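Step one of this worksheet: look at the structure below.
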Amino acid sequence: MKTIASVPLSVLMLFIGFAEARTAPEMRKWEALGAKHKNEFAGAPQKKAMFIAGLVGERLAQDGVKPNADVIGRAGALAAHGDQAAGTCGDVAEVMRNAFVGAGFAHHEMFKLVVRKSGLNQLNRGWVFDVNIEHVVFGAVVEGKPVVFEAWGYGGENGSFAGFHKSVWNGMDLHVWLDTMRKHGYDTYSYGDDRFRPVDADRISNFLRKLEFKGSSRPAKRPVPVPGGSTTGGDDTARIESEFRSLYPLWLRKRDDPTSVTTVLVNARKEGDGRYFISIETRCTNAQGASWVCASRTLYMTLADMRESIQVYKRDLGR
């Protein structure tokens with residue numbers, strides 16, 4: 001296994017590994033790649049998913065995008081592609097997602113999962129995963145089973161994304177992936193919001209299956225209530241949407257400091273699958289006053305997630 005040189009914790013906190021900076025036209029290129037092979041392995045979703053993920057790995061390598069795991073990688077990506085996020089775990093996850101969209105996978109079948117180190121685990125060093133305090137992976141619920149496509153981890157081990165199609169990281173069972181993450185100090189996770197919970201493989205797996213079931217055309221056995229006792233319709237839905245959109249930017253602003261400011265680019269836009277899309281961007285400023293986009297992130301939340309988040313925002317804002 002290849003070892004990544006240790007860098008200061010303060011730098012790692014700034015260059016968290018999931019910055020997503022590619023433009024919409026660039027992402028459409030990846031959708032087009034997926035669309036070109038949309039009919040491959042018809043009737044075999046697992047083989048199709050692994051095939052598309054393998055294509056992404058090969059195209060990244062052909063484009064000269066290298067695994068980007070530390071400050072040196074950020075500098076190299078900026079010099080080679082004009083984008084310090086190229087090849088980071090978040091960039092690879094977003095590229096993968098767009099390719100899967102083009103290949104015909106539905107939004108409710110796909111997910112991006114973020115894991116984070118807490119406490120002393122943040123000091124772990126020595127392997128490709130160990131230099132990032134947070135890490136994001138793209139996955140899909142395929143034939144009822146959550147699997148992930150860890151091209152970034154594979155690339156970090158091998159120095160290139162080429163050959164990902166034959167890697168054990170391609171279509172890895174979520175339980176196996178989470179167990180690997182725990183061994184490297186990732187003890188909390190988040191899906192679709194900024195709240196991190198202790199990693200529990202069965203709970204996460206069941207949660208993702210539930211979301212996939214709810215988002216599909218298969219009828220649920222009974223309506224799923226929103227926590228708190230009311231259903232997800234009518235005036236209650238409008239109130240939750242309005243309250244979230246009002247509080248979320250204020251909550252983010254409270255966490256800003258003179259060196260970084262986060263802006264909400266897309267504030268809970270409702271998608272066709274019943275989820276809400278959120279996009280945020282952080283600009284960093286150095287001592288000389290120079291400013292640049294140092295991180296960006298996309299989130300998906302359900303109405304229930306938004307309702308729970310509102311309580312957190314009110315508490316933190318003293319409301």
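Labels used: A, B, ... for chains in the order of the structure tokens, numbers from 1 for residues in each chain, and numbers from 1 for ligands as shown.
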
When you look at A:Asp187 with a cut-off of 6 Å (counting only C-alpha atoms), what residues show up, excluding the ones that are within fewer than 3 positions of it in the same chain? I need them as a CSV table (one decimal) with N, CA and C atoms, in the first residue's frame.
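See around.csv below for the written result:
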chain,number,residue,atom,x,y,z
A,117,LYS,N,-14.0,11.5,10.9
A,117,LYS,CA,-13.3,11.1,12.1
A,117,LYS,C,-13.6,12.1,13.2
A,182,ARG,N,-14.1,2.2,9.4
A,182,ARG,CA,-13.9,2.2,10.9
A,182,ARG,C,-12.5,1.9,11.3
A,198,PRO,N,-23.1,8.1,15.0
A,198,PRO,CA,-22.2,7.0,15.0
A,198,PRO,C,-22.4,6.0,13.9
A,199,VAL,N,-21.3,5.5,13.3
A,199,VAL,CA,-21.5,4.5,12.2
A,199,VAL,C,-22.1,3.2,12.7

**For A:Ser205, the nearest of the candidates A:Gly171, A:Gly139, A:Gly104, A:Gly274, counting only C-alpha atoms** =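 Distance minimum relative to A:Ser205 lands on A:Gly139.
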
**Item:** Residue nearest A:Gly144 among A:Thr180, A:Ser279, A:Gln311, A:Gln46 (counting only C-alpha atoms)
**Value:** A:Gln46

**Which of A:Asp316, A:Asp91, A:Glu134, A:Glu109 sits closest to A:Arg255 [using only C-alpha atoms]** =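 Looking at the shortest contact to A:Arg255, the residue is A:Asp316.
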
**Request:** Using only C-alpha atoms, determine which residues lie at most 10 Å from A:Val142, disregarding the query and same-chain residues fewer than 6 positions distant; provide the list as a PyMOL selection string.
**Result:** chain A and resi 44-49+105+109-110+148+171+209+212

What does the file look like for those residues with C-alpha atoms, as a PDB file, in the first residue's frame?
ATOM      1  CA  ALA A  44     -28.182  -7.138 -14.979  1.00  0.00           C
ATOM      2  CA  PRO A  45     -28.093  -3.980 -12.794  1.00  0.00           C
ATOM      3  CA  GLN A  46     -25.036  -5.027 -10.748  1.00  0.00           C
ATOM      4  CA  LYS A  47     -22.904  -5.746 -13.810  1.00  0.00           C
ATOM      5  CA  LYS A  48     -24.118  -2.550 -15.446  1.00  0.00           C
ATOM      6  CA  ALA A  49     -23.253  -0.443 -12.386  1.00  0.00           C
ATOM      7  CA  PHE A 105     -30.072   5.019 -12.823  1.00  0.00           C
ATOM      8  CA  GLU A 109     -31.273   4.383  -6.424  1.00  0.00           C
ATOM      9  CA  MET A 110     -28.144   6.489  -5.781  1.00  0.00           C
ATOM     10  CA  VAL A 148     -20.301   1.614  -3.139  1.00  0.00           C
ATOM     11  CA  GLY A 171     -19.357  -2.503  -6.283  1.00  0.00           C
ATOM     12  CA  ARG A 209     -32.891   0.509   1.380  1.00  0.00           C
ATOM     13  CA  GLU A 212     -34.763   3.444  -2.307  1.00  0.00           C
TER      14      GLU A 212
END

**Message:** Can you pull out the residues contacting A:His81? Cut-off 12 Å, using only C-alpha atoms, and skip same-chain residues under 4 positions away; I want them as a list in words.
**Reply:**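 Using only C-alpha atoms, the neighbours found are Ala21, Arg22, Glu26, Leu60, Asp63, Gly64, Val65, Lys66, Gly73, Arg74, Ala75, Gly76, Ala77, Ala85, Ala86 and Gly87 of chain A.
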
**Prompt:** What is the atom CA of A:Gly159 to atom CA of A:Ala61 distance in Å?
**Reply:** 10.0 Å

**Asked** Distance atom CA of A:Lys166-atom CA of A:Asp83, one decimal place?
**Response**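 According to the coordinates, atom CA of A:Lys166 and atom CA of A:Asp83 are separated by 28.2 Å.
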
**Prompt:** Residues at most 12 Å from A:Ala106, counting only C-alpha atoms, excluding those fewer than 5 positions away in the same chain, as a count of residues only?
**Reply:** 18

**Request:** From a DSSP pass on the backbone, collect the residues of stretch 75-311 of chain A flagged as strand (DSSP E) and hand them back as a VMD selection string.
**Result:** chain A and resid 110 to 117 134 to 142 145 to 149 170 to 173 186 to 190 197 to 198 260 to 270 276 to 285 291 to 301

**Prompt:** If you count only C-alpha atoms, which residues fall within 9 Å of A:Thr302, apart from same-chain ones fewer than 3 positions away, as a PyMOL selection string?
**Reply:** chain A and resi 192+274-276+305-307

Please produce a file of those selected residues containing all heavy atoms, as a PDB file, in the first residue's frame.
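Ended up saving to out.pdb:
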ATOM      1  N   GLY A 192     -27.012  13.478   3.603  1.00  0.00           N
ATOM      2  CA  GLY A 192     -27.959  14.526   3.243  1.00  0.00           C
ATOM      3  C   GLY A 192     -28.063  15.701   4.180  1.00  0.00           C
ATOM      4  O   GLY A 192     -28.892  16.574   3.979  1.00  0.00           O
ATOM      5  N   GLY A 274     -39.090  13.510  -4.639  1.00  0.00           N
ATOM      6  CA  GLY A 274     -39.526  13.832  -3.281  1.00  0.00           C
ATOM      7  C   GLY A 274     -38.416  14.284  -2.366  1.00  0.00           C
ATOM      8  O   GLY A 274     -38.636  14.545  -1.192  1.00  0.00           O
ATOM      9  N   ARG A 275     -37.198  14.395  -2.891  1.00  0.00           N
ATOM     10  CA  ARG A 275     -36.095  14.909  -2.091  1.00  0.00           C
ATOM     11  C   ARG A 275     -35.840  16.365  -2.446  1.00  0.00           C
ATOM     12  O   ARG A 275     -36.360  16.879  -3.437  1.00  0.00           O
ATOM     13  CB  ARG A 275     -34.829  14.070  -2.315  1.00  0.00           C
ATOM     14  CG  ARG A 275     -34.925  12.662  -1.793  1.00  0.00           C
ATOM     15  CD  ARG A 275     -33.572  11.971  -1.837  1.00  0.00           C
ATOM     16  NE  ARG A 275     -33.063  11.869  -3.207  1.00  0.00           N
ATOM     17  CZ  ARG A 275     -31.821  11.516  -3.502  1.00  0.00           C
ATOM     18  NH1 ARG A 275     -30.955  11.256  -2.540  1.00  0.00           N
ATOM     19  NH2 ARG A 275     -31.425  11.411  -4.754  1.00  0.00           N
ATOM     20  N   TYR A 276     -35.022  16.998  -1.607  1.00  0.00           N
ATOM     21  CA  TYR A 276     -34.707  18.405  -1.789  1.00  0.00           C
ATOM     22  C   TYR A 276     -33.207  18.562  -2.022  1.00  0.00           C
ATOM     23  O   TYR A 276     -32.397  18.044  -1.246  1.00  0.00           O
ATOM     24  CB  TYR A 276     -35.148  19.205  -0.563  1.00  0.00           C
ATOM     25  CG  TYR A 276     -36.649  19.235  -0.385  1.00  0.00           C
ATOM     26  CD1 TYR A 276     -37.321  18.162   0.194  1.00  0.00           C
ATOM     27  CD2 TYR A 276     -37.406  20.324  -0.816  1.00  0.00           C
ATOM     28  CE1 TYR A 276     -38.697  18.174   0.339  1.00  0.00           C
ATOM     29  CE2 TYR A 276     -38.783  20.347  -0.667  1.00  0.00           C
ATOM     30  CZ  TYR A 276     -39.419  19.267  -0.084  1.00  0.00           C
ATOM     31  OH  TYR A 276     -40.780  19.289   0.063  1.00  0.00           O
ATOM     32  N   ASP A 305     -35.900  14.919   7.086  1.00  0.00           N
ATOM     33  CA  ASP A 305     -34.565  15.427   7.414  1.00  0.00           C
ATOM     34  C   ASP A 305     -34.620  16.933   7.677  1.00  0.00           C
ATOM     35  O   ASP A 305     -34.006  17.438   8.620  1.00  0.00           O
ATOM     36  CB  ASP A 305     -33.580  15.163   6.275  1.00  0.00           C
ATOM     37  CG  ASP A 305     -33.278  13.691   6.073  1.00  0.00           C
ATOM     38  OD1 ASP A 305     -33.326  12.948   7.072  1.00  0.00           O
ATOM     39  OD2 ASP A 305     -32.996  13.295   4.937  1.00  0.00           O
ATOM     40  N   MET A 306     -35.350  17.640   6.819  1.00  0.00           N
ATOM     41  CA  MET A 306     -35.446  19.096   6.961  1.00  0.00           C
ATOM     42  C   MET A 306     -36.137  19.474   8.266  1.00  0.00           C
ATOM     43  O   MET A 306     -35.727  20.406   8.961  1.00  0.00           O
ATOM     44  CB  MET A 306     -36.185  19.687   5.758  1.00  0.00           C
ATOM     45  CG  MET A 306     -35.387  19.613   4.461  1.00  0.00           C
ATOM     46  SD  MET A 306     -36.373  19.952   2.984  1.00  0.00           S
ATOM     47  CE  MET A 306     -36.946  21.611   3.315  1.00  0.00           C
ATOM     48  N   ARG A 307     -37.158  18.734   8.591  1.00  0.00           N
ATOM     49  CA  ARG A 307     -37.889  19.034   9.826  1.00  0.00           C
ATOM     50  C   ARG A 307     -36.990  18.834  11.048  1.00  0.00           C
ATOM     51  O   ARG A 307     -36.978  19.667  11.961  1.00  0.00           O
ATOM     52  CB  ARG A 307     -39.119  18.134   9.924  1.00  0.00           C
ATOM     53  CG  ARG A 307     -40.006  18.440  11.126  1.00  0.00           C
ATOM     54  CD  ARG A 307     -41.313  17.707  11.025  1.00  0.00           C
ATOM     55  NE  ARG A 307     -42.239  18.158  12.043  1.00  0.00           N
ATOM     56  CZ  ARG A 307     -43.538  17.925  12.016  1.00  0.00           C
ATOM     57  NH1 ARG A 307     -44.064  17.279  10.996  1.00  0.00           N
ATOM     58  NH2 ARG A 307     -44.316  18.349  12.981  1.00  0.00           N
TER      59      ARG A 307
END
